[in-house]
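Structure below is structure16.tsv: TSV, C-alpha atoms.
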chain	number	residue	atom	x	y	z
W	67	MET	CA	137.49	90.29	50.55
W	68	GLU	CA	136.85	88.63	53.89
W	69	LYS	CA	135.61	85.33	52.42
W	70	PHE	CA	137.60	82.85	50.39
W	71	ARG	CA	136.64	79.35	49.41
W	72	PRO	CA	138.60	76.68	47.55
W	73	LEU	CA	137.38	75.16	44.32
W	74	LEU	CA	137.81	71.49	45.22
W	75	SER	CA	137.87	71.35	48.99
W	76	GLU	CA	134.81	71.60	51.20
W	77	ASN	CA	136.37	73.73	53.89
W	78	SER	CA	139.15	76.30	53.95
W	79	ASP	CA	138.42	77.65	57.42
W	80	PHE	CA	141.73	76.23	58.65
W	81	LEU	CA	143.60	78.68	56.41
W	82	SER	CA	144.87	81.64	58.40
W	83	GLU	CA	145.22	83.93	55.39
W	84	GLU	CA	143.65	84.82	52.08
W	85	PRO	CA	145.90	82.62	49.95
W	86	LEU	CA	145.95	84.23	46.51
W	87	GLY	CA	146.78	87.89	47.16
W	88	GLU	CA	143.48	89.04	45.68
W	89	SER	CA	142.79	91.00	48.87
W	90	VAL	CA	144.86	93.80	47.30
W	91	LEU	CA	141.68	94.60	45.35
W	92	ASP	CA	140.19	96.07	48.51
W	93	THR	CA	140.28	99.82	47.95
W	94	ASP	CA	141.65	100.47	51.43
W	95	ALA	CA	144.40	97.83	51.08
W	96	ARG	CA	148.02	98.64	50.33
W	97	PRO	CA	148.78	98.09	46.62
W	98	ILE	CA	151.54	95.55	47.27
W	99	ARG	CA	151.42	92.33	49.24
W	100	VAL	CA	154.45	90.05	49.62
W	101	TRP	CA	154.03	86.99	51.81
W	102	GLN	CA	155.13	83.49	52.66
W	103	PRO	CA	152.22	81.02	52.47
W	104	LYS	CA	151.46	79.34	55.76
W	105	HIS	CA	149.66	76.30	54.36
W	106	PRO	CA	150.10	74.37	51.09
W	107	VAL	CA	147.47	75.02	48.44
W	108	VAL	CA	147.24	74.31	44.71
W	109	VAL	CA	146.10	77.14	42.45
W	110	LEU	CA	144.79	76.81	38.90
W	111	GLY	CA	144.85	79.52	36.28
W	112	ARG	CA	141.47	80.94	35.27
W	113	SER	CA	141.00	78.81	32.13
W	114	GLN	CA	142.60	75.59	33.36
W	115	LYS	CA	140.90	72.27	34.11
W	116	ALA	CA	141.79	70.57	37.38
W	117	HIS	CA	141.84	67.04	35.99
W	118	LYS	CA	144.40	68.06	33.36
W	119	GLU	CA	146.82	69.92	35.62
W	120	ILE	CA	146.59	68.21	39.02
W	121	HIS	CA	147.10	64.76	40.49
W	122	LEU	CA	143.71	65.00	42.18
W	123	ASP	CA	144.03	61.67	43.99
W	124	ASN	CA	147.07	63.06	45.80
W	125	THR	CA	145.56	66.43	46.70
W	126	LYS	CA	142.43	64.70	47.97
W	127	LYS	CA	144.43	62.18	49.98
W	128	ASP	CA	146.50	64.92	51.61
W	129	ALA	CA	143.54	67.32	52.05
W	130	ILE	CA	145.22	70.02	49.94
W	131	PRO	CA	142.76	72.78	48.92
W	132	VAL	CA	142.60	73.58	45.22
W	133	PHE	CA	141.79	77.17	44.22
W	134	LYS	CA	141.22	78.87	40.90
W	135	ARG	CA	142.61	82.39	40.60
W	136	MET	CA	140.87	85.19	38.75
W	137	GLY	CA	143.88	85.72	36.48
W	138	GLY	CA	145.45	83.47	33.88
W	139	GLY	CA	148.72	81.59	34.00
W	140	GLY	CA	149.60	78.06	34.94
W	141	CYS	CA	148.89	75.80	37.88
W	142	VAL	CA	151.15	76.24	40.91
W	143	VAL	CA	151.72	74.97	44.42
W	144	LEU	CA	151.99	77.60	47.14
W	145	ASP	CA	153.70	76.57	50.35
W	146	GLU	CA	156.19	77.77	52.96
W	147	GLY	CA	159.08	77.36	50.55
W	148	CYS	CA	157.75	80.11	48.29
W	149	ALA	CA	157.37	83.86	48.28
W	150	CYS	CA	154.20	85.25	46.74
W	151	VAL	CA	153.68	88.75	45.36
W	152	ALA	CA	150.53	90.67	44.44
W	153	ILE	CA	150.65	94.20	43.01
W	154	ARG	CA	147.61	96.35	42.25
W	155	TYR	CA	148.03	98.98	39.53
W	156	GLU	CA	145.58	101.77	38.80
W	157	ARG	CA	144.64	102.04	35.14
W	158	GLU	CA	142.11	103.82	32.93
W	159	LYS	CA	141.36	102.23	29.57
W	160	GLU	CA	144.80	100.66	29.17
W	161	LEU	CA	144.33	96.96	28.40
W	162	ASN	CA	147.86	96.17	27.27
W	163	ILE	CA	148.51	92.95	29.16
W	164	ASP	CA	152.11	92.76	27.96
W	165	ARG	CA	153.03	96.15	29.47
W	166	TYR	CA	151.81	95.27	32.96
W	167	LEU	CA	153.32	91.79	32.99
W	168	ARG	CA	156.65	92.96	31.62
W	169	HIS	CA	156.79	95.89	34.04
W	170	SER	CA	156.15	93.54	36.97
W	171	SER	CA	158.69	90.98	35.78
W	172	LYS	CA	161.27	93.76	35.47
W	173	ALA	CA	160.56	94.77	39.06
W	174	ILE	CA	161.38	91.31	40.45
W	175	GLN	CA	164.32	91.00	38.07
W	176	ALA	CA	165.73	94.36	39.23
W	177	PHE	CA	165.33	93.38	42.89
W	178	LEU	CA	167.26	90.15	42.42
W	179	TYR	CA	170.08	91.90	40.58
W	180	GLU	CA	170.39	94.90	42.88
W	181	THR	CA	170.06	92.89	46.09
W	182	TYR	CA	171.82	89.63	45.26
W	183	GLY	CA	173.70	90.29	42.02
W	184	LEU	CA	171.66	87.58	40.29
W	185	ALA	CA	171.20	88.25	36.57
W	186	THR	CA	167.96	86.54	35.52
W	187	GLU	CA	166.02	86.29	32.26
W	188	ILE	CA	162.40	87.16	31.42
W	189	ARG	CA	161.13	84.21	29.40
W	190	GLU	CA	157.90	83.11	27.74
W	191	ASN	CA	154.75	83.76	29.76
W	192	TYR	CA	156.82	86.30	31.74
W	193	ASP	CA	158.51	83.54	33.71
W	194	LEU	CA	161.79	84.43	35.34
W	195	SER	CA	164.61	81.92	34.91
W	196	TYR	CA	168.26	81.51	35.80
W	197	GLN	CA	170.59	79.39	33.70
W	198	GLY	CA	167.62	78.10	31.73
W	199	LYS	CA	165.60	76.97	34.74
W	200	LYS	CA	162.42	78.61	35.97
W	201	PHE	CA	161.88	79.93	39.48
W	202	LEU	CA	158.98	82.39	38.98
W	203	GLY	CA	155.57	82.06	37.35
W	204	ALA	CA	153.24	85.02	36.82
W	205	SER	CA	149.59	85.90	36.29
W	206	LEU	CA	147.56	89.03	35.53
W	207	TYR	CA	143.95	89.92	36.33
W	208	MET	CA	142.41	93.07	34.83
W	209	PRO	CA	139.09	94.15	36.37
W	210	ARG	CA	137.65	97.55	35.46
W	211	GLU	CA	139.99	100.06	37.04
W	212	TRP	CA	142.87	97.86	38.06
W	213	SER	CA	145.56	95.52	36.86
W	214	VAL	CA	146.55	92.94	39.47
W	215	TYR	CA	149.84	91.13	38.96
W	216	SER	CA	150.58	88.02	40.97
W	217	CYS	CA	153.52	85.66	41.01
W	218	VAL	CA	155.01	82.82	42.99
W	219	ILE	CA	158.77	82.71	43.54
W	220	LEU	CA	160.19	79.26	44.23
W	221	LEU	CA	162.68	79.63	47.07
W	222	GLN	CA	163.40	76.29	48.71
W	223	ASN	CA	164.11	72.81	47.39
W	224	ASP	CA	161.69	71.30	49.91
W	225	SER	CA	158.84	72.66	47.79
W	226	MET	CA	159.82	70.47	44.86
W	227	GLU	CA	158.42	67.33	46.49
W	228	LYS	CA	154.92	68.86	46.58
W	229	ILE	CA	155.18	70.16	43.01
W	230	VAL	CA	156.07	66.71	41.71
W	231	LYS	CA	153.40	65.06	43.84
W	232	TYR	CA	150.48	67.38	43.07
W	233	LEU	CA	151.07	68.79	39.59
W	234	THR	CA	150.95	66.87	36.33
W	235	PRO	CA	153.16	67.98	33.41
W	236	PRO	CA	151.39	71.19	32.31
W	237	SER	CA	148.98	70.89	29.39
W	238	LYS	CA	150.52	74.01	27.83
W	239	GLN	CA	154.28	74.43	28.02
W	240	PRO	CA	156.63	77.22	26.93
W	241	ALA	CA	159.12	76.23	24.26
W	242	TYR	CA	162.10	76.77	26.55
W	243	ARG	CA	160.83	74.05	28.88
W	244	GLU	CA	161.73	71.51	26.19
W	245	ASP	CA	159.37	68.95	27.73
W	246	ARG	CA	161.51	68.71	30.87
W	247	LYS	CA	160.12	67.19	34.06
W	248	HIS	CA	159.35	69.52	36.96
W	249	GLU	CA	162.53	68.52	38.76
W	250	ASP	CA	164.64	69.23	35.66
W	251	PHE	CA	162.92	72.48	34.68
W	252	LEU	CA	162.51	74.24	38.03
W	253	SER	CA	165.33	75.50	40.22
W	254	PRO	CA	164.60	77.16	43.59
W	255	LEU	CA	166.54	80.33	44.35
W	256	GLU	CA	168.31	78.81	47.33
W	257	ASN	CA	170.44	76.96	44.75
W	258	HIS	CA	171.82	80.29	43.57
W	259	ILE	CA	171.73	82.89	46.37
W	260	ASP	CA	171.94	83.04	50.17
W	261	PHE	CA	168.97	84.47	52.08
W	262	THR	CA	166.44	83.90	54.80
W	263	ILE	CA	162.83	83.87	53.67
W	264	ALA	CA	161.84	86.54	56.19
W	265	ASP	CA	164.54	88.90	54.94
W	266	PHE	CA	163.80	88.10	51.29
W	267	ILE	CA	160.13	88.97	51.70
W	268	SER	CA	160.78	92.11	53.73
W	269	ASP	CA	163.49	93.35	51.37
W	270	LEU	CA	161.39	92.68	48.27
W	271	GLU	CA	158.37	94.54	49.62
W	272	THR	CA	160.55	97.46	50.69
W	273	PHE	CA	162.22	97.55	47.25
W	274	LEU	CA	158.90	97.59	45.41
W	275	TYR	CA	157.61	100.47	47.52
W	276	GLU	CA	160.80	102.52	47.58
W	277	LYS	CA	161.24	102.22	43.80
W	278	LYS	CA	157.50	102.93	43.34
W	279	TRP	CA	156.95	100.00	40.99
W	280	TYR	CA	153.26	100.04	41.96
W	281	LEU	CA	152.81	103.22	39.87
W	282	GLY	CA	152.81	100.99	36.81
W	283	PRO	CA	154.35	101.09	33.34
W	284	GLN	CA	152.99	104.47	32.16
W	285	ASP	CA	156.45	106.00	31.79
W	286	GLU	CA	158.03	103.00	30.08
W	287	ASP	CA	158.62	102.51	26.38
Please express what this file holds, its structure, as structure tokens.
Amino acid sequence: MEKFRPLLSENSDFLSEEPLGESVLDTDARPIRVWQPKHPVVVLGRSQKAHKEIHLDNTKKDAIPVFKRMGGGGCVVLDEGCACVAIRYEREKELNIDRYLRHSSKAIQAFLYETYGLATEIRENYDLSYQGKKFLGASLYMPREWSVYSCVILLQNDSMEKIVKYLTPPSKQPAYREDRKHEDFLSPLENHIDFTIADFISDLETFLYEKKWYLGPQDED
């Protein structure tokens, strides 16, 4: 997947990376990618409409590329204050979306508890939250032989300014959001644990490989 183009920006050549993690679909790629975005982008879920989810005047003014991922889920901002994860699972005819999303959410949940002692909750849409506030949103794409999980983990408070500026209140909201504004519903992890982003990303990738989470949910109830 050498080429990537944004949905609502004429040129993404300035981007130094494939921004969505979908490069894990390359058969010679490692099945897990964990990274810190280098440039801010806005990403829509597969079935979402840009004019409903995004303050397009602001993204256009600031030259922020807007992408649409192949998987579902909600609209997100990716920037340097986030950690992104993509996991490719092999599958045969298994189309149980719940199993793959729940398995992946449990992986991130287990990492946070074992590494930082942070006890989080898996909520609607397979969000992860702490004390009722969301810090992780997830998506799943299921081409023929694979299931590809992706998520964005909100790490730093500096990212909140972009979220408020570029994203409208989502057109579809989980019940636990209770119609809260972005700044009242989201809580970056730096409010709850101590870490450096480099260590967080390295430790998370190591954890996922060492615990072999990429083998998928076949042995789970």
Practice problem: Using all atoms listed in the file, determine which residues lie at most 8 Å from W:Glu146, disregarding the query and same-chain residues fewer than 4 positions distant; provide the list as an NGL selection string. | Solution: :W and (102-106 or 225)
Quiz prompt | Separation of atom CA of W:Lys199 from atom CA of W:Gln222, in Å and rounded to one decimal | solution = 14.2 Å
Quiz item: What gap, in Å, lies between atom CA of W:Trp101 and atom CA of W:Cys150?
Solution: 5.4 Å
Quiz prompt | Selected residue, from W:Tyr192, W:Trp212, W:Tyr182, W:Tyr166, that lies nearest to W:Pro97 when counting all atoms listed in the file | solution =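 Using all atoms listed in the file, the shortest distance to W:Pro97 belongs to W:Trp212.
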Practice problem: Please provide the set of residues having any atom within 12 Å of W:Asp260, restricted to all atoms listed in the file, with same-chain residues fewer than 2 positions apart removed, written as an NGL selection string. | Solution: :W and (178 or 181-184 or 221-222 or 254-258 or 262-263 or 265-266)
Got time to write the residues from that selection, C-alpha atoms, as an mmCIF file, in the coordinates of the input?
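Writing done, so here's out_19.cif:
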data_model
loop_
_atom_site.group_PDB
_atom_site.id
_atom_site.type_symbol
_atom_site.label_atom_id
_atom_site.label_comp_id
_atom_site.auth_asym_id
_atom_site.auth_seq_id
_atom_site.Cartn_x
_atom_site.Cartn_y
_atom_site.Cartn_z
ATOM 1 C CA LEU W 178 167.260 90.150 42.420
ATOM 2 C CA THR W 181 170.060 92.890 46.090
ATOM 3 C CA TYR W 182 171.820 89.630 45.260
ATOM 4 C CA GLY W 183 173.700 90.290 42.020
ATOM 5 C CA LEU W 184 171.660 87.580 40.290
ATOM 6 C CA LEU W 221 162.680 79.630 47.070
ATOM 7 C CA GLN W 222 163.400 76.290 48.710
ATOM 8 C CA PRO W 254 164.600 77.160 43.590
ATOM 9 C CA LEU W 255 166.540 80.330 44.350
ATOM 10 C CA GLU W 256 168.310 78.810 47.330
ATOM 11 C CA ASN W 257 170.440 76.960 44.750
ATOM 12 C CA HIS W 258 171.820 80.290 43.570
ATOM 13 C CA THR W 262 166.440 83.900 54.800
ATOM 14 C CA ILE W 263 162.830 83.870 53.670
ATOM 15 C CA ASP W 265 164.540 88.900 54.940
ATOM 16 C CA PHE W 266 163.800 88.100 51.290
#
Practice problem: Go through W:Ile219, W:Val100, W:Leu202, W:Met226 one by one, measure the shortest atom-to-atom distance of each to W:Val151 using all atoms listed in the file, and give the residue with the smallest value. | Solution: W:Val100
Quiz item: Looking at only C-alpha atoms, which of W:His117, W:Lys172, W:Lys228, W:Lys247 is the one that sits closest to W:Arg189?
Solution: W:Lys172
Practice problem: Tell me which of W:Ala264, W:Ala241, W:Ala173, W:Leu233 sits closest to W:Asn124, counting only C-alpha atoms. | Solution: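 Using only C-alpha atoms, the shortest distance to W:Asn124 belongs to W:Leu233.
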Return stretch 208-244 of chain W, completed with N, CA and C atoms, as a CSV table (one decimal), keeping the file's coordinate frame.
chain,number,residue,atom,x,y,z
W,208,MET,N,142.7,91.7,35.2
W,208,MET,CA,142.4,93.1,34.8
W,208,MET,C,140.9,93.4,35.0
W,209,PRO,N,140.5,93.6,36.2
W,209,PRO,CA,139.1,94.2,36.4
W,209,PRO,C,139.0,95.6,35.9
W,210,ARG,N,137.9,96.3,36.1
W,210,ARG,CA,137.6,97.6,35.5
W,210,ARG,C,138.8,98.6,35.6
W,211,GLU,N,139.1,98.9,36.8
W,211,GLU,CA,140.0,100.1,37.0
W,211,GLU,C,141.4,99.6,37.4
W,212,TRP,N,141.6,98.3,37.5
W,212,TRP,CA,142.9,97.9,38.1
W,212,TRP,C,143.5,96.8,37.1
W,213,SER,N,144.8,96.7,37.3
W,213,SER,CA,145.6,95.5,36.9
W,213,SER,C,146.2,94.9,38.1
W,214,VAL,N,146.0,93.6,38.3
W,214,VAL,CA,146.6,92.9,39.5
W,214,VAL,C,147.5,91.9,39.0
W,215,TYR,N,148.8,92.1,39.3
W,215,TYR,CA,149.8,91.1,39.0
W,215,TYR,C,150.0,90.2,40.2
W,216,SER,N,150.2,88.9,39.9
W,216,SER,CA,150.6,88.0,41.0
W,216,SER,C,151.6,87.1,40.5
W,217,CYS,N,152.5,86.6,41.4
W,217,CYS,CA,153.5,85.7,41.0
W,217,CYS,C,153.9,84.8,42.2
W,218,VAL,N,154.4,83.7,42.0
W,218,VAL,CA,155.0,82.8,43.0
W,218,VAL,C,156.5,82.6,42.7
W,219,ILE,N,157.3,82.9,43.7
W,219,ILE,CA,158.8,82.7,43.5
W,219,ILE,C,159.2,81.5,44.3
W,220,LEU,N,159.8,80.5,43.6
W,220,LEU,CA,160.2,79.3,44.2
W,220,LEU,C,161.5,79.5,44.9
W,221,LEU,N,161.5,79.3,46.3
W,221,LEU,CA,162.7,79.6,47.1
W,221,LEU,C,163.4,78.4,47.6
W,222,GLN,N,162.7,77.4,48.0
W,222,GLN,CA,163.4,76.3,48.7
W,222,GLN,C,163.2,75.0,48.0
W,223,ASN,N,164.2,74.1,48.0
W,223,ASN,CA,164.1,72.8,47.4
W,223,ASN,C,163.1,71.9,48.0
W,224,ASP,N,162.7,72.1,49.3
W,224,ASP,CA,161.7,71.3,49.9
W,224,ASP,C,160.4,71.4,49.2
W,225,SER,N,160.1,72.5,48.5
W,225,SER,CA,158.8,72.7,47.8
W,225,SER,C,158.7,71.7,46.6
W,226,MET,N,159.8,71.3,46.1
W,226,MET,CA,159.8,70.5,44.9
W,226,MET,C,159.0,69.2,45.1
W,227,GLU,N,159.1,68.6,46.2
W,227,GLU,CA,158.4,67.3,46.5
W,227,GLU,C,156.9,67.5,46.3
W,228,LYS,N,156.4,68.6,46.7
W,228,LYS,CA,154.9,68.9,46.6
W,228,LYS,C,154.6,69.1,45.1
W,229,ILE,N,155.4,69.9,44.4
W,229,ILE,CA,155.2,70.2,43.0
W,229,ILE,C,155.1,68.9,42.2
W,230,VAL,N,156.1,68.0,42.4
W,230,VAL,CA,156.1,66.7,41.7
W,230,VAL,C,154.9,65.8,42.1
W,231,LYS,N,154.5,65.9,43.4
W,231,LYS,CA,153.4,65.1,43.8
W,231,LYS,C,152.0,65.5,43.4
W,232,TYR,N,151.8,66.9,43.3
W,232,TYR,CA,150.5,67.4,43.1
W,232,TYR,C,150.2,67.9,41.6
W,233,LEU,N,151.3,68.2,40.9
W,233,LEU,CA,151.1,68.8,39.6
W,233,LEU,C,151.5,67.8,38.5
W,234,THR,N,150.6,67.6,37.5
W,234,THR,CA,151.0,66.9,36.3
W,234,THR,C,151.9,67.7,35.4
W,235,PRO,N,152.5,67.1,34.4
W,235,PRO,CA,153.2,68.0,33.4
W,235,PRO,C,152.1,68.9,32.8
W,236,PRO,N,152.4,70.2,32.7
W,236,PRO,CA,151.4,71.2,32.3
W,236,PRO,C,150.9,70.9,30.9
W,237,SER,N,149.6,71.1,30.7
W,237,SER,CA,149.0,70.9,29.4
W,237,SER,C,149.5,71.8,28.3
W,238,LYS,N,149.9,73.0,28.7
W,238,LYS,CA,150.5,74.0,27.8
W,238,LYS,C,151.9,74.4,28.4
W,239,GLN,N,152.9,74.2,27.6
W,239,GLN,CA,154.3,74.4,28.0
W,239,GLN,C,155.0,75.5,27.1
W,240,PRO,N,155.8,76.3,27.7
W,240,PRO,CA,156.6,77.2,26.9
W,240,PRO,C,157.7,76.4,26.2
W,241,ALA,N,158.1,77.0,25.1
W,241,ALA,CA,159.1,76.2,24.3
W,241,ALA,C,160.4,76.0,25.0
W,242,TYR,N,160.8,76.9,25.9
W,242,TYR,CA,162.1,76.8,26.6
W,242,TYR,C,162.1,75.7,27.6
W,243,ARG,N,160.9,75.2,28.0
W,243,ARG,CA,160.8,74.0,28.9
W,243,ARG,C,161.4,72.8,28.2
W,244,GLU,N,161.2,72.6,26.9
W,244,GLU,CA,161.7,71.5,26.2
W,244,GLU,C,161.3,70.2,26.8
